[in-house]
$ cat target.txt   # compact mmCIF, C-alpha atoms and all ligand atoms
# COMPACT_ATOMS: atom_id res chain seq x y z
CA MET A 1 -17.01 -32.42 -4.07
CA SER A 2 -15.60 -32.06 -7.55
CA ALA A 3 -12.72 -29.95 -8.80
CA ILE A 4 -14.32 -29.58 -12.22
CA VAL A 5 -17.84 -30.24 -13.43
CA PHE A 6 -18.98 -30.01 -17.04
CA ASP A 7 -22.72 -30.19 -17.12
CA GLY A 8 -24.25 -30.57 -20.58
CA ILE A 9 -21.63 -28.40 -22.28
CA SER A 10 -21.97 -27.45 -25.93
CA LYS A 11 -19.75 -24.99 -27.76
CA ARG A 12 -20.57 -23.48 -31.13
CA PHE A 13 -18.14 -21.51 -33.23
CA VAL A 14 -19.16 -19.24 -36.05
CA ILE A 15 -16.80 -19.50 -38.98
CA HIS A 16 -16.61 -16.42 -41.17
CA HIS A 17 -15.85 -17.23 -44.77
CA GLU A 18 -14.10 -14.59 -46.81
CA ARG A 19 -15.57 -12.62 -49.60
CA PRO A 20 -14.99 -14.26 -52.95
CA ARG A 21 -11.75 -13.07 -54.51
CA SER A 22 -11.96 -14.47 -58.01
CA LEU A 23 -14.66 -14.38 -60.62
CA GLN A 24 -15.15 -18.13 -60.25
CA ALA A 25 -15.54 -17.80 -56.51
CA LEU A 26 -17.88 -14.88 -57.04
CA LEU A 27 -20.08 -16.98 -59.27
CA ARG A 28 -20.04 -19.81 -56.74
CA HIS A 29 -21.03 -17.43 -53.97
CA LEU A 30 -23.41 -15.34 -56.02
CA PHE A 31 -26.13 -15.60 -53.45
CA ARG A 32 -23.88 -14.89 -50.49
CA PRO A 33 -22.08 -11.84 -51.81
CA ARG A 34 -20.98 -10.32 -48.50
CA GLY A 35 -19.04 -13.34 -47.29
CA TRP A 36 -20.94 -15.88 -45.28
CA ARG A 37 -21.01 -17.53 -41.92
CA GLU A 38 -21.15 -21.13 -40.96
CA GLN A 39 -21.93 -22.57 -37.57
CA PHE A 40 -19.80 -25.32 -36.18
CA TRP A 41 -20.32 -27.32 -33.00
CA ALA A 42 -16.91 -28.07 -31.48
CA LEU A 43 -18.48 -29.71 -28.41
CA ARG A 44 -21.89 -31.30 -28.02
CA ASP A 45 -23.52 -32.12 -24.71
CA VAL A 46 -20.33 -32.97 -22.84
CA SER A 47 -20.78 -33.92 -19.18
CA PHE A 48 -18.26 -35.22 -16.67
CA ALA A 49 -16.90 -34.49 -13.22
CA VAL A 50 -13.30 -34.63 -12.04
CA ALA A 51 -12.63 -35.27 -8.36
CA PRO A 52 -9.82 -33.48 -6.52
CA GLY A 53 -6.63 -35.51 -6.82
CA GLU A 54 -7.76 -37.16 -10.00
CA ALA A 55 -5.84 -37.13 -13.28
CA LEU A 56 -8.19 -37.14 -16.25
CA GLY A 57 -6.74 -37.87 -19.67
CA ILE A 58 -8.48 -36.44 -22.72
CA ILE A 59 -7.85 -38.18 -26.01
CA GLY A 60 -9.34 -37.99 -29.48
CA ALA A 61 -8.54 -37.25 -33.11
CA ASN A 62 -7.37 -33.83 -34.35
CA GLY A 63 -10.26 -31.42 -34.20
CA SER A 64 -12.34 -33.55 -31.82
CA GLY A 65 -12.63 -30.69 -29.30
CA LYS A 66 -9.92 -31.41 -26.71
CA SER A 67 -8.36 -27.93 -26.67
CA THR A 68 -11.79 -26.36 -26.74
CA LEU A 69 -12.71 -28.37 -23.65
CA LEU A 70 -9.64 -27.14 -21.74
CA LYS A 71 -10.23 -23.54 -22.81
CA LEU A 72 -13.73 -23.80 -21.37
CA ALA A 73 -12.21 -25.09 -18.10
CA THR A 74 -9.93 -22.02 -17.94
CA ARG A 75 -12.86 -19.77 -18.85
CA LEU A 76 -10.94 -18.40 -21.81
CA LEU A 77 -14.05 -19.47 -23.67
CA ALA A 78 -17.68 -19.44 -22.54
CA PRO A 79 -19.96 -22.36 -23.35
CA THR A 80 -22.84 -21.91 -25.78
CA ALA A 81 -24.96 -24.16 -23.57
CA GLY A 82 -24.46 -25.90 -20.24
CA ARG A 83 -22.60 -25.09 -17.07
CA VAL A 84 -18.92 -25.31 -16.15
CA VAL A 85 -17.99 -25.35 -12.46
CA VAL A 86 -14.33 -25.05 -11.49
CA ASP A 87 -13.40 -25.24 -7.82
CA GLY A 88 -9.81 -24.15 -7.25
CA ARG A 89 -7.01 -22.16 -8.80
CA VAL A 90 -6.25 -23.21 -12.35
CA ALA A 91 -2.91 -23.11 -14.10
CA ALA A 92 -2.91 -24.02 -17.74
CA LEU A 93 -0.39 -24.81 -20.40
CA LEU A 94 -2.58 -24.90 -23.45
CA GLU A 95 -0.52 -23.83 -26.39
CA LEU A 96 3.05 -23.03 -27.06
CA GLY A 97 3.75 -19.47 -26.01
CA ALA A 98 0.18 -18.84 -24.84
CA GLY A 99 0.26 -16.26 -22.08
CA PHE A 100 3.71 -15.01 -23.08
CA HIS A 101 4.43 -11.61 -24.53
CA PRO A 102 7.06 -12.09 -27.27
CA GLU A 103 8.73 -8.70 -26.78
CA LEU A 104 9.19 -9.14 -23.02
CA THR A 105 12.08 -11.03 -21.46
CA GLY A 106 11.74 -14.42 -19.78
CA ARG A 107 11.92 -12.67 -16.41
CA ASP A 108 9.10 -10.22 -17.19
CA ASN A 109 7.03 -12.98 -18.70
CA ILE A 110 7.29 -15.07 -15.55
CA TYR A 111 5.81 -12.19 -13.56
CA LEU A 112 3.23 -11.47 -16.25
CA ASN A 113 2.19 -15.10 -16.44
CA ALA A 114 1.93 -15.41 -12.69
CA SER A 115 -0.12 -12.24 -12.41
CA ILE A 116 -2.56 -13.63 -14.97
CA LEU A 117 -2.86 -16.64 -12.67
CA GLY A 118 -3.50 -14.30 -9.75
CA ILE A 119 -0.20 -14.99 -7.95
CA PRO A 120 1.08 -12.06 -5.85
CA ARG A 121 4.49 -10.66 -6.82
CA ARG A 122 6.21 -11.65 -3.58
CA ARG A 123 5.20 -15.30 -4.06
CA VAL A 124 6.78 -15.18 -7.48
CA ASP A 125 9.90 -13.58 -5.98
CA ALA A 126 10.15 -16.55 -3.63
CA CYS A 127 10.05 -19.19 -6.37
CA PHE A 128 11.57 -17.20 -9.25
CA GLY A 129 14.93 -18.96 -8.95
CA ASP A 130 13.27 -22.38 -8.90
CA ILE A 131 11.24 -21.58 -12.00
CA VAL A 132 14.29 -20.48 -13.95
CA ALA A 133 16.36 -23.42 -12.75
CA PHE A 134 13.59 -25.92 -13.54
CA ALA A 135 13.31 -24.49 -17.03
CA GLY A 136 17.10 -24.50 -17.35
CA LEU A 137 17.01 -20.96 -18.72
CA GLU A 138 19.42 -19.17 -16.37
CA ARG A 139 21.42 -17.73 -19.25
CA PHE A 140 18.35 -16.51 -21.08
CA VAL A 141 16.13 -14.89 -18.44
CA ASP A 142 16.85 -11.44 -19.78
CA THR A 143 16.38 -12.39 -23.42
CA PRO A 144 13.05 -11.54 -25.09
CA VAL A 145 10.87 -14.64 -25.40
CA LYS A 146 10.57 -14.12 -29.16
CA ARG A 147 14.22 -15.23 -29.37
CA TYR A 148 13.49 -18.49 -27.49
CA SER A 149 13.29 -21.75 -29.38
CA SER A 150 9.96 -23.55 -29.19
CA GLY A 151 11.42 -26.01 -26.66
CA MET A 152 12.61 -23.14 -24.46
CA GLN A 153 9.17 -21.51 -24.54
CA ALA A 154 7.58 -24.81 -23.58
CA ARG A 155 10.03 -25.26 -20.69
CA LEU A 156 9.29 -21.81 -19.36
CA GLY A 157 5.52 -22.30 -19.63
CA PHE A 158 5.62 -25.64 -17.84
CA ALA A 159 7.99 -24.33 -15.15
CA VAL A 160 5.66 -21.42 -14.32
CA ALA A 161 2.54 -23.59 -14.36
CA VAL A 162 3.89 -26.17 -11.91
CA HIS A 163 5.63 -23.71 -9.56
CA VAL A 164 2.66 -21.48 -8.81
CA ASP A 165 1.11 -24.38 -6.87
CA PRO A 166 -2.21 -24.62 -8.70
CA ASP A 167 -5.13 -26.70 -7.44
CA ILE A 168 -5.91 -27.71 -10.99
CA LEU A 169 -3.36 -28.08 -13.75
CA LEU A 170 -4.44 -28.22 -17.38
CA LEU A 171 -1.79 -29.59 -19.70
CA VAL A 172 -1.63 -30.11 -23.44
CA GLU A 173 1.10 -32.35 -24.89
CA VAL A 174 3.63 -31.29 -22.26
CA LEU A 175 5.78 -34.34 -22.71
CA ALA A 176 5.99 -33.93 -26.47
CA VAL A 177 8.27 -30.92 -26.20
CA GLY A 178 11.59 -30.57 -24.54
CA ASP A 179 14.45 -33.03 -24.52
CA LEU A 180 14.42 -36.35 -22.69
CA GLN A 181 15.93 -34.91 -19.54
CA PHE A 182 13.31 -32.19 -19.35
CA GLN A 183 10.54 -34.69 -20.06
CA GLU A 184 11.78 -36.77 -17.13
CA ARG A 185 11.66 -33.70 -14.87
CA CYS A 186 8.11 -32.95 -16.07
CA ARG A 187 7.07 -36.53 -15.31
CA GLU A 188 8.43 -36.37 -11.78
CA ARG A 189 6.75 -33.04 -11.23
CA ILE A 190 3.36 -34.23 -12.43
CA HIS A 191 3.60 -37.33 -10.23
CA ALA A 192 4.53 -35.11 -7.27
CA LEU A 193 1.56 -32.79 -7.88
CA LEU A 194 -0.79 -35.77 -8.08
CA ALA A 195 0.66 -37.26 -4.92
CA ALA A 196 0.01 -33.90 -3.23
CA GLY A 197 -3.67 -34.17 -4.17
CA ARG A 198 -3.71 -31.72 -7.08
CA THR A 199 -6.04 -32.28 -10.01
CA VAL A 200 -4.64 -32.69 -13.51
CA LEU A 201 -6.32 -32.67 -16.91
CA LEU A 202 -3.95 -33.93 -19.56
CA VAL A 203 -4.65 -33.68 -23.28
CA SER A 204 -2.31 -35.78 -25.33
CA HIS A 205 -1.89 -37.93 -28.40
CA ASP A 206 0.79 -39.81 -26.45
CA LEU A 207 -1.37 -42.67 -25.20
CA ALA A 208 1.46 -44.16 -23.14
CA ALA A 209 1.77 -40.91 -21.19
CA VAL A 210 -2.00 -40.78 -20.70
CA GLY A 211 -1.91 -44.35 -19.40
CA GLU A 212 0.97 -43.51 -17.07
CA PHE A 213 -0.59 -40.53 -15.32
CA CYS A 214 -4.32 -40.75 -15.64
CA THR A 215 -6.81 -42.37 -13.34
CA ARG A 216 -9.56 -42.00 -15.94
CA VAL A 217 -9.68 -41.20 -19.61
CA LEU A 218 -12.25 -39.31 -21.67
CA TRP A 219 -12.38 -39.98 -25.40
CA LEU A 220 -13.83 -37.17 -27.48
CA HIS A 221 -15.11 -37.99 -30.94
CA GLU A 222 -16.43 -35.18 -33.14
CA GLY A 223 -17.17 -33.07 -30.08
CA ARG A 224 -19.03 -35.74 -28.14
CA VAL A 225 -17.98 -38.00 -25.28
CA ARG A 226 -17.36 -41.37 -26.90
CA ALA A 227 -16.12 -43.06 -23.73
CA LEU A 228 -15.20 -42.17 -20.17
CA GLY A 229 -13.66 -44.70 -17.86
CA ALA A 230 -10.68 -46.76 -16.84
CA PRO A 231 -7.56 -45.83 -18.87
CA GLU A 232 -6.83 -49.34 -20.20
CA ALA A 233 -10.37 -49.81 -21.49
CA VAL A 234 -10.76 -46.39 -23.12
CA ILE A 235 -7.26 -46.34 -24.59
CA SER A 236 -7.60 -49.81 -26.08
CA ALA A 237 -10.97 -48.88 -27.60
CA TYR A 238 -9.41 -45.73 -29.04
CA ARG A 239 -6.54 -47.75 -30.47
CA ARG A 240 -9.04 -50.06 -32.19
CA PHE A 241 -10.69 -46.94 -33.63
CA GLN A 242 -7.32 -45.66 -34.85
CA ARG A 243 -6.72 -49.00 -36.56
CA GLY A 244 -9.92 -48.48 -38.52
CA ALA A 245 -12.80 -49.76 -36.41
CA PRO A 246 -15.81 -47.39 -36.51
CA ALA A 247 -15.91 -45.27 -33.36
CA ASP A 248 -19.10 -46.82 -32.05
CA GLU A 249 -17.90 -50.36 -32.67
CA ALA A 250 -14.40 -49.84 -31.28
CA LEU A 251 -15.93 -49.38 -27.90
CA GLY A 252 -16.54 -52.62 -26.10
CA ALA A 253 -15.48 -54.71 -29.07
CA GLU A 254 -13.40 -57.83 -28.63
CA GLU A 255 -9.71 -57.58 -29.36
CA PRO A 256 -9.03 -58.66 -32.93
CA PRO A 257 -8.19 -62.36 -33.19
CA GLY A 258 -4.53 -63.15 -32.69
CA GLU A 259 -3.97 -60.13 -30.50
CA ALA A 260 -4.24 -61.13 -26.87
CA PRO A 261 -7.21 -63.42 -27.63
CA GLU A 262 -7.45 -64.43 -23.99
CA HIS A 263 -8.44 -60.90 -23.08
CA GLY A 264 -12.08 -60.12 -22.71
CA ARG A 265 -13.75 -56.79 -22.41
CA ARG A 266 -13.52 -54.11 -19.79
CA TRP A 267 -15.88 -51.28 -18.97
CA GLY A 268 -16.92 -49.05 -16.08
CA SER A 269 -16.85 -45.47 -14.89
CA GLY A 270 -13.54 -45.86 -13.04
CA GLU A 271 -14.15 -44.39 -9.56
CA ILE A 272 -12.86 -47.74 -8.30
CA GLN A 273 -10.49 -49.64 -10.56
CA LEU A 274 -9.33 -53.21 -10.32
CA VAL A 275 -5.63 -52.67 -10.90
CA ALA A 276 -4.64 -56.33 -10.58
CA VAL A 277 -6.65 -59.55 -10.59
CA GLU A 278 -4.68 -62.69 -9.77
CA LEU A 279 -5.44 -66.35 -9.24
CA LEU A 280 -3.35 -67.93 -6.48
CA ASP A 281 -2.65 -71.55 -5.64
CA GLY A 282 -2.55 -73.10 -2.15
CA GLN A 283 0.88 -71.55 -1.52
CA GLY A 284 -0.31 -68.08 -2.52
CA ARG A 285 1.56 -68.14 -5.84
CA PRO A 286 -0.06 -66.61 -8.95
CA THR A 287 -0.81 -69.30 -11.52
CA GLN A 288 -3.32 -70.27 -14.20
CA ARG A 289 -3.22 -74.04 -13.40
CA PHE A 290 -5.32 -75.56 -10.65
CA THR A 291 -6.46 -78.98 -9.55
CA THR A 292 -9.93 -80.21 -8.72
CA GLY A 293 -10.38 -80.21 -4.95
CA ALA A 294 -7.32 -78.02 -4.27
CA PRO A 295 -7.44 -74.41 -3.05
CA LEU A 296 -7.86 -71.40 -5.36
CA THR A 297 -7.79 -67.82 -4.14
CA VAL A 298 -8.70 -64.75 -6.22
CA ARG A 299 -6.78 -61.64 -5.23
CA LEU A 300 -8.31 -58.31 -6.26
CA ARG A 301 -6.20 -55.20 -5.89
CA TYR A 302 -8.17 -52.02 -6.31
CA ARG A 303 -7.63 -48.29 -6.33
CA ALA A 304 -10.39 -45.81 -5.56
CA THR A 305 -9.95 -42.32 -6.96
CA ARG A 306 -12.30 -41.00 -4.28
CA ARG A 307 -14.20 -42.30 -1.27
CA VAL A 308 -16.87 -44.69 -2.48
CA ARG A 309 -19.68 -45.89 -0.21
CA LYS A 310 -20.92 -49.47 -0.19
CA PRO A 311 -19.19 -50.88 -3.26
CA VAL A 312 -19.90 -54.47 -4.23
CA PHE A 313 -16.96 -56.59 -5.43
CA GLY A 314 -17.60 -59.83 -7.23
CA ILE A 315 -16.18 -62.53 -9.41
CA ALA A 316 -17.70 -64.94 -11.90
CA ILE A 317 -16.48 -68.17 -13.41
CA TYR A 318 -17.34 -69.22 -16.95
CA ALA A 319 -16.97 -72.37 -18.99
CA GLY A 320 -17.26 -71.08 -22.56
CA GLY A 321 -20.25 -68.74 -22.51
CA LEU A 322 -21.88 -70.46 -19.54
CA GLN A 323 -21.64 -68.78 -16.16
CA LEU A 324 -21.02 -71.36 -13.45
CA ALA A 325 -20.80 -69.14 -10.39
CA GLY A 326 -20.98 -65.48 -9.40
CA PRO A 327 -20.28 -64.74 -5.75
CA ASN A 328 -20.05 -61.15 -4.56
CA THR A 329 -19.42 -59.32 -1.30
CA ARG A 330 -23.10 -58.42 -0.85
CA VAL A 331 -24.65 -61.86 -1.36
CA ASP A 332 -21.92 -63.41 0.78
CA GLY A 333 -22.66 -60.96 3.61
CA TYR A 334 -19.22 -59.34 3.49
CA ALA A 335 -20.46 -55.76 3.39
CA LEU A 336 -17.93 -53.00 2.73
CA ASP A 337 -19.03 -49.72 4.17
CA GLU A 338 -16.62 -47.53 2.28
CA VAL A 339 -13.40 -47.76 0.32
CA SER A 340 -10.80 -45.14 -0.55
CA GLY A 341 -7.27 -45.26 -1.87
CA GLU A 342 -5.76 -48.65 -2.52
CA GLY A 343 -6.67 -52.01 -1.09
CA THR A 344 -6.75 -55.75 -1.60
CA LEU A 345 -9.60 -58.25 -1.31
CA LEU A 346 -9.30 -62.03 -1.34
CA TYR A 347 -11.91 -64.59 -2.31
CA ALA A 348 -10.72 -67.96 -1.02
CA ILE A 349 -12.01 -71.31 -2.23
CA ASP A 350 -10.69 -74.13 -0.03
CA ALA A 351 -11.56 -76.99 -2.39
CA LEU A 352 -12.13 -76.05 -6.02
CA PRO A 353 -15.22 -77.91 -7.24
CA LEU A 354 -14.40 -77.51 -10.94
CA LEU A 355 -13.64 -80.58 -13.01
CA PRO A 356 -10.77 -80.66 -15.53
CA GLY A 357 -11.14 -78.15 -18.34
CA ALA A 358 -10.60 -74.55 -19.42
CA TYR A 359 -12.38 -71.72 -17.62
CA THR A 360 -12.35 -67.94 -17.49
CA LEU A 361 -12.82 -65.62 -14.58
CA SER A 362 -14.46 -62.21 -14.54
CA ALA A 363 -13.95 -59.68 -11.77
CA ALA A 364 -15.92 -56.53 -11.15
CA VAL A 365 -16.78 -53.80 -8.73
CA TYR A 366 -20.20 -52.16 -8.82
CA ASP A 367 -22.08 -49.57 -6.84
CA ALA A 368 -24.51 -50.55 -4.05
CA THR A 369 -27.37 -51.07 -6.51
CA GLU A 370 -25.19 -53.46 -8.54
CA LEU A 371 -26.41 -51.65 -11.64
CA HIS A 372 -23.60 -49.18 -12.11
CA PRO A 373 -20.17 -50.66 -12.98
CA TYR A 374 -17.09 -48.91 -11.63
CA ASP A 375 -14.86 -51.47 -13.30
CA HIS A 376 -15.85 -54.72 -14.93
CA HIS A 377 -13.28 -57.12 -16.40
CA HIS A 378 -15.38 -59.54 -18.38
CA GLN A 379 -13.88 -63.02 -18.86
CA CYS A 380 -10.40 -61.52 -18.79
CA TYR A 381 -8.63 -64.22 -16.76
CA PRO A 382 -8.29 -67.70 -18.22
CA PHE A 383 -7.27 -70.70 -16.13
CA ARG A 384 -7.16 -74.48 -16.43
CA VAL A 385 -8.13 -77.18 -14.04
CA ALA A 386 -6.37 -80.54 -14.06
CA ALA A 387 -7.70 -83.81 -12.69
CA ALA A 388 -6.89 -84.88 -9.17
CA ASP A 389 -6.30 -88.56 -8.57
CA GLY A 390 -9.55 -90.39 -8.15
CA ALA A 391 -11.69 -87.32 -8.74
CA GLU A 392 -14.88 -87.24 -10.80
CA ARG A 393 -14.37 -86.76 -14.52
CA TYR A 394 -17.76 -86.14 -16.11
CA GLY A 395 -19.27 -82.67 -16.43
CA LEU A 396 -18.09 -79.38 -15.07
CA VAL A 397 -18.43 -79.49 -11.32
CA ALA A 398 -17.68 -81.96 -8.58
CA LEU A 399 -20.88 -82.18 -6.60
CA GLN A 400 -19.14 -83.79 -3.67
CA GLY A 401 -22.27 -85.74 -2.80
CA ARG A 402 -22.41 -89.12 -1.08
CA TRP A 403 -23.85 -92.42 -2.15
CA GLU A 404 -25.73 -94.49 0.44
CA SER A 405 -27.83 -97.56 0.54
CA ALA A 406 -31.18 -97.24 2.26
CA GLY A 407 -34.54 -98.99 2.70
CA ARG A 408 -35.93 -102.45 1.89
CA GLY A 409 -35.02 -104.41 -1.20
CA VAL A 410 -31.63 -102.82 -1.34
CA PRO A 411 -29.00 -105.11 -2.75
CA ALA A 412 -26.42 -106.22 -0.27
CA VAL A 413 -23.70 -105.09 -2.64
CA PRO A 414 -24.10 -101.57 -4.13
CA PRO A 415 -24.62 -101.70 -7.90
CA ARG A 416 -21.52 -101.26 -10.00
CA ALA A 417 -21.29 -97.60 -11.03
CA SER A 418 -22.54 -97.23 -14.60
CA ALA A 419 -22.03 -93.57 -15.15
CA GLY A 420 -21.16 -92.20 -18.55
N1 LIG A 501 -12.03 -20.07 -32.43
C1 LIG A 501 -12.52 -20.97 -33.26
N2 LIG A 501 -13.31 -20.61 -34.30
C2 LIG A 501 -13.83 -21.54 -35.13
N3 LIG A 501 -13.61 -22.86 -35.02
C3 LIG A 501 -12.85 -23.27 -34.02
C4 LIG A 501 -12.23 -22.37 -33.09
N4 LIG A 501 -11.52 -23.09 -32.20
C5 LIG A 501 -11.65 -24.38 -32.55
N5 LIG A 501 -12.45 -24.49 -33.64
C6 LIG A 501 -12.85 -25.75 -34.28
O1 LIG A 501 -13.35 -26.62 -33.32
C7 LIG A 501 -12.92 -27.96 -33.56
C8 LIG A 501 -12.23 -28.51 -32.34
O2 LIG A 501 -10.98 -27.86 -32.19
P1 LIG A 501 -9.97 -28.19 -31.02
O3 LIG A 501 -8.82 -27.27 -31.15
O4 LIG A 501 -10.69 -28.22 -29.73
O5 LIG A 501 -9.52 -29.68 -31.42
P2 LIG A 501 -8.45 -30.63 -30.72
O6 LIG A 501 -9.17 -31.86 -30.30
O7 LIG A 501 -7.71 -29.88 -29.68
O8 LIG A 501 -7.49 -31.00 -31.92
P3 LIG A 501 -5.89 -31.25 -31.96
O9 LIG A 501 -5.69 -32.71 -31.62
O10 LIG A 501 -5.56 -31.01 -33.40
O11 LIG A 501 -5.23 -30.32 -31.03
C9 LIG A 501 -12.07 -27.89 -34.82
O12 LIG A 501 -12.84 -28.26 -35.91
C10 LIG A 501 -11.66 -26.44 -34.91
O13 LIG A 501 -11.50 -26.05 -36.26
MG MG A 502 -5.73 -29.22 -29.51

$ encode --input "target.txt" --output "structure tokens" --more "lines below"
Ligand SMILES: Nc1ncnc2c1ncn2[C@@H]1O[C@H](COP(=O)(O)OP(=O)(O)OP(=O)(O)O)[C@@H](O)[C@H]1O
Ligand SMILES: [Mg+2]
Amino acid sequence: MSAIVFDGISKRFVIHHERPRSLQALLRHLFRPRGWREQFWALRDVSFAVAPGEALGIIGANGSGKSTLLKLATRLLAPTAGRVVVDGRVAALLELGAGFHPELTGRDNIYLNASILGIPRRRVDACFGDIVAFAGLERFVDTPVKRYSSGMQARLGFAVAVHVDPDILLLVEVLAVGDLQFQERCRERIHALLAAGRTVLLVSHDLAAVGEFCTRVLWLHEGRVRALGAPEAVISAYRRFQRGAPADEALGAEEPPGEAPEHGRRWGSGEIQLVAVELLDGQGRPTQRFTTGAPLTVRLRYRATRRVRKPVFGIAIYAGGLQLAGPNTRVDGYALDEVSGEGTLLYAIDALPLLPGAYTLSAAVYDATELHPYDHHHQCYPFRVAAADGAERYGLVALQGRWESAGRGVPAVPPRASAG
């Protein structure tokens, strides 16, 4: 079940250009004398689904289609093509003052706003005091909204939206307005709504806020979905784009040299996210230094934004570009029937067979077919292996084989080892 589904959504606007006013303009528009129209695609073939309880962040440059997308979710706009399905009651805070009548007082606007959201008057009566107190507008409830400052309007809008107990909350830049204290109250409220299983769509240029609240992030670029997945991955790709990388190269590109060079790439659709990947020594302490023949345990903490059937968790170890190993829960016969919420998995190696050197670890979780990545951290975790006393030194792995003498003609004394 999904709270919101966008299925192949496109939205076209028709822009009406004015009649030419000057002689120059008239000459320029000689062949379009009655004013002219231009078509503009604000969204192109946008598809995604948001599960109940999920917080989806929507990021992208000015004019990339974020507000248009939310207006389609509220049905203020109809799509030109495709299908929007919304399951639940929606409250939206799209633009400053949207849904308010400037001549009416704060009090009347609260009732007006709630009635637009389909909330019966007695329910508003019950939470009216809370709304006003949350907004901190006790002294101004009987003042017309046109006399409110922009911050006061934003407070009132947010207070109404979160108090009418919506199933789905659509928010644009809520944390950008209001003073610090109000922002803190908004934060707490959004966290509380998410904890109560409500669905939130948050449009913001504040990438830190998007990273704080969202379980997945959608990046719109010129009306198309550029990326959809785990917040860290999409936000870092968008940051690369903002620093000047072309949009299609920013995605999945390596971090620029000098900036966290040890970090690899991350991708996946995000239904299950690896929220922490740690390498532990024999005492269970996180470290990046190990010893040949000593224990190493990989701890994977994950969070599933919905129930996921038969996921496959795996790790891989690399020396440079060469993959040395790649165990996963399916090949090792540790089948997981279903995961939901948060959890931890351990992969324990009793005696590390790696010889001294530098290695990197990847961790990933895939669907049952192992074709679809939910979250893949590619070569993100570097570690070193030091020599143990008397251990092998040549190559990458300790084979832990055995030498024996056998058969006729065997020298009484084993030949001196001549490896190298
Ligand atoms: N009613 C409209 N008529 C014509 N064009 C429109 C209309 N609404 C939006 N657009 C155009 O659609 C594009 C997407 O606009 P939208 O408001 O969705 O962008 P946005 O991603 O929210 O940008 P911002 O970050 O500036 O808020 C813009 O080019 C805008 O000019
Ligand atoms: Mg906008």

$ residues_near_ligand --input "target.txt" --ligand "ligand LIG 501 (chain A)" --cutoff "12 Å" --atoms "all atoms listed in the file" --output "ChimeraX atom specification"
/A:10-17,37-44,58-72,76-78,94-96,171-173,202-206,218-225

$ atom_distance --input "target.txt" --atom1 "atom CA of Arg266 of chain A" --atom2 "atom CA of Asp375 of chain A"
7.1 Å

$ residues_around --input "target.txt" --residues "Arg155 of chain A" --least-positions-apart "5" --cutoff "10 Å" --atoms "only C-alpha atoms" --output "list in words"
Leu96, Ile131, Val132, Phe134, Ala135, Gly136, Leu137, Ser149, Ser150, Val160, Ala161, Val174, Val177, Gly178, Asp179, Phe182, Gln183 and Cys186 of chain A

$ atom_distance --input "target.txt" --atom1 "atom CA of Arg299 of chain A" --atom2 "atom CA of Leu322 of chain A"
22.6 Å

$ residues_near_point --input "target.txt" --point "(-4.5, -23.5, -17.1)" --cutoff "9 Å" --atoms "all atoms listed in the file" --output "PyMOL selection string"
chain A and resi 70-71+73-74+89-94+117+161+166+168-171

$ write_last_selection --input "target.txt" --atoms "C-alpha atoms" --output "tab-separated table (two decimals), keeping the file's coordinate frame"
chain	number	residue	atom	x	y	z
A	70	LEU	CA	-9.64	-27.14	-21.74
A	71	LYS	CA	-10.23	-23.54	-22.81
A	73	ALA	CA	-12.21	-25.09	-18.10
A	74	THR	CA	-9.93	-22.02	-17.94
A	89	ARG	CA	-7.01	-22.16	-8.80
A	90	VAL	CA	-6.25	-23.21	-12.35
A	91	ALA	CA	-2.91	-23.11	-14.10
A	92	ALA	CA	-2.91	-24.02	-17.74
A	93	LEU	CA	-0.39	-24.81	-20.40
A	94	LEU	CA	-2.58	-24.90	-23.45
A	117	LEU	CA	-2.86	-16.64	-12.67
A	161	ALA	CA	2.54	-23.59	-14.36
A	166	PRO	CA	-2.21	-24.62	-8.70
A	168	ILE	CA	-5.91	-27.71	-10.99
A	169	LEU	CA	-3.36	-28.08	-13.75
A	170	LEU	CA	-4.44	-28.22	-17.38
A	171	LEU	CA	-1.79	-29.59	-19.70

$ atom_distance --input "target.txt" --atom1 "atom CA of Ile235 of chain A" --atom2 "atom CA of Asp45 of chain A"
21.6 Å

$ closest_atom_pairs --input "target.txt" --of "segment 119-220 of chain A" --to "segment 102-112 of chain A" --cutoff "9 Å" --atoms "only C-alpha atoms" --output "CSV"
residue,atom,partner,partner_atom,distance
A:Ile119,CA,A:Tyr111,CA,8.7
A:Arg121,CA,A:Tyr111,CA,7.0
A:Val124,CA,A:Tyr111,CA,6.8
A:Asp125,CA,A:Tyr111,CA,8.7
A:Phe128,CA,A:Ile110,CA,7.9
A:Ile131,CA,A:Ile110,CA,8.4
A:Val132,CA,A:Arg107,CA,8.5
A:Leu137,CA,A:Gly106,CA,8.5
A:Phe140,CA,A:Gly106,CA,7.1
A:Val141,CA,A:Gly106,CA,4.6
A:Asp142,CA,A:Thr105,CA,5.1
A:Thr143,CA,A:Thr105,CA,4.9
A:Pro144,CA,A:Thr105,CA,3.8
A:Val145,CA,A:Pro102,CA,5.0
A:Lys146,CA,A:Pro102,CA,4.5
A:Arg147,CA,A:Pro102,CA,8.1
A:Tyr148,CA,A:Gly106,CA,8.9
A:Gln153,CA,A:Gly106,CA,8.9
A:Leu156,CA,A:Gly106,CA,7.8
A:Gly157,CA,A:Ile110,CA,8.5
A:Val160,CA,A:Ile110,CA,6.7
